[in-house]
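Q: The following block contains the structure, expressed as structure tokens.
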Amino acid sequence: MVLPLTTLTDEERLFQAAAREFAEKEIRPHVSAMDREGIFRRDLIGKFFEQGFMGIEIPEAYGGSGGSFFMAITAVEEFSRVDASAGVVIDVQNTLVANALLRWGNEAQKRTFLPRLARDTVGAYALSEAGSGSDAFALQTQAREDGNDYVLNGRKLWITNAQEAGLFIIFATVDRGLGYKGITAFLVDRATPGFTVGKKEDKLGIRASSTCELILDGCRVPRDNILGEIGKGYKVAIETLNEGRIGIAAQMTGLATGALEQALRYAKERKQFGKPIAEFQAIQFQLARLATDVEAARLMTYNAARLKDAGKPFLKEAAMAKYFCSQVAERVASECVEVFGGYGFTKDYPAEKYLRDAKIGKIYEGTSFMQLQTIAKLLLGSS
């Protein structure tokens with residue numbers, strides 16, 4: 001019998017419940033303060049590691065939880081329901097950094113780095129630069145061969161988790177004349193001489209999640225730290241981001257869920273003209289439309305994640321999920337502010353933060369326009 005997408009196995013259901021309980025108990029009390037201060041609590045990240053949320057897909061042989069990609073997506077969704085910043089911390093760790101190492105790392109690299117990622121080391125994924133955002137392969141960071149090492153020089157921008165990270169996947173070109181075929185991925189330890197974490201951005205939303213500049217000035221990296229093959233970094237980047245897009249879809253779905261829950265609660269409490277506003281048909285219809293959008297977003301996200309776990313093609317579904325869920329999150333968060341009325345426009349209530357956090361969904365890990373371009377190419381059969 002074929003089960004519905006939203007039917008979870010016993011293991012998945014227990015994991016989802018544990019993630020939700022953890023988010024409510026450990027994350028929610030600190031959400032407002034972390035957002036206000038723009039700092040993610042290090043003790044909270046320590047608890048992420050203790051509970052296995054930073055190494056969900058990492059096999060037990062390397063110290064991880066040995067879970068599935070779907071379980072990682074579930075954790076991102078549940079954390080983001082409470083705080084999108086918390087969701088993106090574990091999202092980058094699991095769907096980008098750990099996933100890239102699992103797929104492209106050799107055995108020595110896996111033995112060296114995966115236990116650290118599961119135990120105590122935050123990871124970051126450094127592709128973007130000032131002149132290479134959507135055009136990721138216009139990157140200028142160079143890697144010059146020098147004996148058994150490569151010397152990296154350049155700057156990276158908009159790097160999530162950079163403030164807390166101890167391990168970075170950095171993309172640089174060994175030869176600009178080769179275009180995208182010169183791009184290579186390097187595993188770089190934070191303590192490497194010539195490597196510096198620079199300015200931390202002061203952002204509109206997901207303020208607790210650090211977004212920083214990286215400075216590489218004569219950063220010497222051993223040849224053994226090349227992830228994949230020389231000149232094949234573009235494959236590492238593209239194929240990892242395909243999976244990461246499902247993570248962002250989960251983040252946006254969780255965010256939309258959290259915003260809708262707050263609006264539903266408030267609509268039952270807020271009275272106008274002698275009765276709760278939830279009894280007015282206009283509010284009922286508004287909430288019904290938003291709930292329908294959230295359910296559709298969840299189904300698209302789960303479908304893409306299930307396809308990935310099943311080893312089936314998922315590129316189109318991942319792009320669609322990322323595109324649609326980011327649209328839904330912004331729309332739901334915006335209308336939930338309206339349900340709260342004037343209170344929704346103040347920081348004393350949770351609605352405005354959900355709206356600020358939602359905006360990034362259309363921008364990072366591939367803008368909405370890039371998702372539409374990917375979908376269109378696949379539909380039209382072009383390369």
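By convention in this document, the chains of the structure tokens carry letters A, B, ... by their order, each chain's residues are numbered from 1, and ligands are numbered from 1 in the order they are shown.
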Please build the interface table for region 36-77 of chain A against region 305-319 of chain A with a cut-off of 9 Å, listing for each qualifying residue the nearest atom pair and the distance in Å to one decimal; count only C-alpha atoms, order rows by chain and increasing number, and write it as a Markdown table.

A:
```
| residue | atom | partner | partner_atom | distance |
| --- | --- | --- | --- | --- |
| A:Ser68 | CA | A:Asp309 | CA | 7.1 |
| A:Phe69 | CA | A:Asp309 | CA | 6.2 |
| A:Phe70 | CA | A:Ala305 | CA | 5.4 |
| A:Ile73 | CA | A:Ala305 | CA | 7.3 |
```

Q: Would you write out, as a tab-separated table, a table of all residues in region 118-218 of chain A that have an atom no more than 9 Å from an atom of region 91-94 of chain A, listing for each the closest atom pair and the distance in Å to one decimal, considering only C-alpha atoms and ordering rows by chain and rising residue number?

A:
```
residue	atom	partner	partner_atom	distance
A:Val122	CA	A:Gln93	CA	6.7
A:Gly123	CA	A:Gln93	CA	5.5
A:Ala124	CA	A:Val92	CA	6.8
A:Tyr125	CA	A:Val92	CA	7.4
A:Thr160	CA	A:Val92	CA	7.5
A:Asn161	CA	A:Val92	CA	7.7
```

Q: Could I get the residues of region 49-105 of chain A with an atom no further than 12 Å from an atom of region 37-40 of chain A, each paired with its nearest atom pair and that distance in Å to one decimal, using only C-alpha atoms, sorted by chain and residue number, as JSON lines?

A:
```
{"residue": "A:Asp83", "atom": "CA", "partner": "A:Phe40", "partner_atom": "CA", "distance": 11.0}
{"residue": "A:Ala84", "atom": "CA", "partner": "A:Phe40", "partner_atom": "CA", "distance": 11.7}
{"residue": "A:Ser85", "atom": "CA", "partner": "A:Phe40", "partner_atom": "CA", "distance": 8.1}
{"residue": "A:Ala86", "atom": "CA", "partner": "A:Phe40", "partner_atom": "CA", "distance": 8.2}
{"residue": "A:Gly87", "atom": "CA", "partner": "A:Phe40", "partner_atom": "CA", "distance": 11.7}
{"residue": "A:Val88", "atom": "CA", "partner": "A:Phe40", "partner_atom": "CA", "distance": 11.4}
{"residue": "A:Val89", "atom": "CA", "partner": "A:Phe40", "partner_atom": "CA", "distance": 9.3}
```

Q: With only C-alpha atoms as the basis for distance, which of A:Arg119, A:Arg245, A:Thr211, A:Asp202 is at the shortest distance from Lys156 (chain A)?

A: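 Looking at the shortest contact to Lys156 (chain A), the residue is A:Thr211.
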
Q: Taking the DSSP assignment computed from this structure's backbone, write out as a PyMOL selection string all residues of region 43-147 of chain A that belong to strand (DSSP E).

A: chain A and resi 122-126+142-146

Q: Can you measure CA of Ile159 (chain A) to CA of Glu201 (chain A) for me? One decimal in Å is fine.

A: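 These atoms are spaced 9.7 Å apart.
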
Q: Excluding Leu227 (chain A) and its own-chain neighbours fewer than 3 positions away, which residues fall within 7 Å of it when counting only C-alpha atoms? Please give them as a list in words.

A: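 In the requested format, the answer is Trp104, Gly105, Ala185, Phe186 and Leu187 of chain A.
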
Q: Please identify every residue of region 262-319 of chain A that has at least one atom no farther than 12 Å from an atom of region 347-369 of chain A, counting only C-alpha atoms, and for each give the shortest atom pair and the distance in Å to one decimal, arranged by chain then increasing number, as JSON lines.

A:
```
{"residue": "A:Gln262", "atom": "CA", "partner": "A:Ala351", "partner_atom": "CA", "distance": 7.3}
{"residue": "A:Ala263", "atom": "CA", "partner": "A:Ala351", "partner_atom": "CA", "distance": 7.8}
{"residue": "A:Leu264", "atom": "CA", "partner": "A:Ala351", "partner_atom": "CA", "distance": 11.5}
{"residue": "A:Arg265", "atom": "CA", "partner": "A:Ala351", "partner_atom": "CA", "distance": 11.6}
{"residue": "A:Tyr266", "atom": "CA", "partner": "A:Tyr349", "partner_atom": "CA", "distance": 10.1}
{"residue": "A:Ala318", "atom": "CA", "partner": "A:Gly366", "partner_atom": "CA", "distance": 11.3}
{"residue": "A:Ala319", "atom": "CA", "partner": "A:Ser368", "partner_atom": "CA", "distance": 8.8}
```

Q: Near Arg176 (chain A), within 10 Å and counting only C-alpha atoms, which residues show up once chain neighbours fewer than 2 positions away are dropped, as a list in words?

A: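 That gives Ala138, Leu139, Gln140, Thr141, Gln142, Ala143, Ala172, Thr173, Val174, Leu178, Gly179, Tyr180, Lys181, Gly182 and Ile183 of chain A.
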
Q: Rank A:Ala98, A:Ala136, A:Ile375, A:Ala33 by their smallest atom-to-atom distance to Gly55 (chain A), using only C-alpha atoms, and report the top residue only.

A: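 For Gly55 (chain A), the nearest of the candidates is A:Ala98.
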
Q: Would you mind telling me which residue in A:Glu279, A:Glu11, A:Glu57, A:Glu164 lies nearest to Ala72 (chain A) when using only C-alpha atoms?

A: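 Checking each of A:Glu279, A:Glu11, A:Glu57, A:Glu164 against Ala72 (chain A), counting only C-alpha atoms, the winner is A:Glu57.
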
Q: Please return, as a ChimeraX atom specification, all residues of region 132-378 of chain A that DSSP assigns to alpha helix (DSSP H) on the basis of the backbone.

A: /A:233-269,281-309,315-340,351-358,368-378

Q: Could you dump the residues just selected with C-alpha atoms as a short mmCIF file (atom, residue, chain, number, x, y, z; two decimals), in the first residue's frame?

A:
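Resulting contents of out_18.cif:
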```
data_model
loop_
_atom_site.label_atom_id
_atom_site.label_comp_id
_atom_site.auth_asym_id
_atom_site.auth_seq_id
_atom_site.Cartn_x
_atom_site.Cartn_y
_atom_site.Cartn_z
CA GLY A 233 34.16 22.23 -7.82
CA TYR A 234 31.29 23.37 -9.99
CA LYS A 235 29.73 19.90 -9.68
CA VAL A 236 30.19 19.95 -5.91
CA ALA A 237 28.57 23.39 -5.75
CA ILE A 238 25.62 22.75 -8.04
CA GLU A 239 24.70 19.30 -6.84
CA THR A 240 25.00 20.23 -3.17
CA LEU A 241 22.86 23.32 -3.65
CA ASN A 242 20.20 21.20 -5.35
CA GLU A 243 19.79 19.39 -2.03
CA GLY A 244 20.14 22.59 -0.04
CA ARG A 245 17.16 24.08 -1.83
CA ILE A 246 14.95 21.47 -0.22
CA GLY A 247 16.36 22.59 3.11
CA ILE A 248 15.34 26.19 2.41
CA ALA A 249 11.90 24.98 1.38
CA ALA A 250 11.63 23.24 4.75
CA GLN A 251 12.80 26.37 6.53
CA MET A 252 10.17 28.48 4.79
CA THR A 253 7.46 25.88 5.41
CA GLY A 254 8.31 25.79 9.09
CA LEU A 255 8.35 29.58 9.25
CA ALA A 256 4.95 29.82 7.56
CA THR A 257 3.57 27.20 9.94
CA GLY A 258 4.79 29.13 12.96
CA ALA A 259 3.36 32.40 11.70
CA LEU A 260 -0.01 30.81 10.95
CA GLU A 261 -0.16 29.21 14.39
CA GLN A 262 0.42 32.60 16.01
CA ALA A 263 -2.31 34.17 13.86
CA LEU A 264 -4.79 31.41 14.69
CA ARG A 265 -4.11 31.80 18.40
CA TYR A 266 -4.48 35.56 18.28
CA ALA A 267 -7.67 35.44 16.19
CA LYS A 268 -9.32 33.35 18.91
CA GLU A 269 -8.25 35.77 21.63
CA GLN A 281 -16.04 35.20 7.97
CA ALA A 282 -13.42 37.52 6.47
CA ILE A 283 -10.83 36.34 9.00
CA GLN A 284 -11.93 32.72 8.65
CA PHE A 285 -11.48 32.81 4.88
CA GLN A 286 -8.12 34.54 5.20
CA LEU A 287 -6.83 31.89 7.61
CA ALA A 288 -8.26 29.08 5.47
CA ARG A 289 -6.41 30.34 2.39
CA LEU A 290 -3.16 30.62 4.31
CA ALA A 291 -3.52 27.14 5.79
CA THR A 292 -4.08 25.75 2.28
CA ASP A 293 -0.88 27.43 1.08
CA VAL A 294 1.11 26.04 4.00
CA GLU A 295 -0.18 22.52 3.38
CA ALA A 296 0.75 22.74 -0.30
CA ALA A 297 4.23 23.97 0.64
CA ARG A 298 4.73 21.07 3.05
CA LEU A 299 3.64 18.52 0.44
CA MET A 300 6.07 19.93 -2.14
CA THR A 301 8.91 19.91 0.38
CA TYR A 302 8.23 16.38 1.57
CA ASN A 303 7.90 15.13 -2.00
CA ALA A 304 11.29 16.55 -2.99
CA ALA A 305 12.92 15.11 0.13
CA ARG A 306 11.37 11.68 -0.45
CA LEU A 307 12.59 11.68 -4.05
CA LYS A 308 16.11 12.54 -2.90
CA ASP A 309 16.14 9.74 -0.31
CA LEU A 315 16.11 18.74 -9.38
CA LYS A 316 12.85 20.14 -10.76
CA GLU A 317 10.92 19.31 -7.60
CA ALA A 318 13.61 20.91 -5.41
CA ALA A 319 13.57 24.12 -7.45
CA MET A 320 9.77 24.21 -7.41
CA ALA A 321 9.66 23.63 -3.66
CA LYS A 322 12.23 26.30 -2.95
CA TYR A 323 10.44 28.79 -5.19
CA PHE A 324 6.92 28.05 -3.97
CA CYS A 325 7.69 27.76 -0.27
CA SER A 326 9.54 31.08 -0.20
CA GLN A 327 6.54 32.73 -1.86
CA VAL A 328 4.18 31.11 0.64
CA ALA A 329 6.28 32.07 3.65
CA GLU A 330 6.35 35.74 2.72
CA ARG A 331 2.64 35.84 1.92
CA VAL A 332 1.59 33.98 5.07
CA ALA A 333 3.86 36.02 7.32
CA SER A 334 2.61 39.27 5.79
CA GLU A 335 -1.06 38.43 6.17
CA CYS A 336 -0.49 37.21 9.71
CA VAL A 337 0.79 40.69 10.57
CA GLU A 338 -2.56 41.97 9.28
CA VAL A 339 -4.47 39.52 11.49
CA PHE A 340 -2.66 41.05 14.47
CA ALA A 351 4.23 38.43 13.79
CA GLU A 352 6.69 41.07 12.57
CA LYS A 353 9.72 38.82 13.10
CA TYR A 354 8.24 36.07 10.96
CA LEU A 355 7.78 38.61 8.17
CA ARG A 356 11.36 39.89 8.44
CA ASP A 357 12.72 36.35 8.49
CA ALA A 358 10.64 35.27 5.50
CA SER A 368 13.40 32.91 -7.06
CA PHE A 369 14.33 33.98 -10.59
CA MET A 370 17.07 31.33 -10.70
CA GLN A 371 14.61 28.68 -9.54
CA LEU A 372 12.20 29.69 -12.31
CA GLN A 373 15.02 29.52 -14.83
CA THR A 374 15.92 26.01 -13.66
CA ILE A 375 12.31 24.85 -13.82
CA ALA A 376 11.82 26.35 -17.28
CA LYS A 377 14.98 24.67 -18.65
CA LEU A 378 13.82 21.29 -17.36
#
```

Q: What's the separation between CA of Phe195 (chain A) and CA of Met34 (chain A), in Å to one decimal place?

A: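 So the answer is 27.0 Å.
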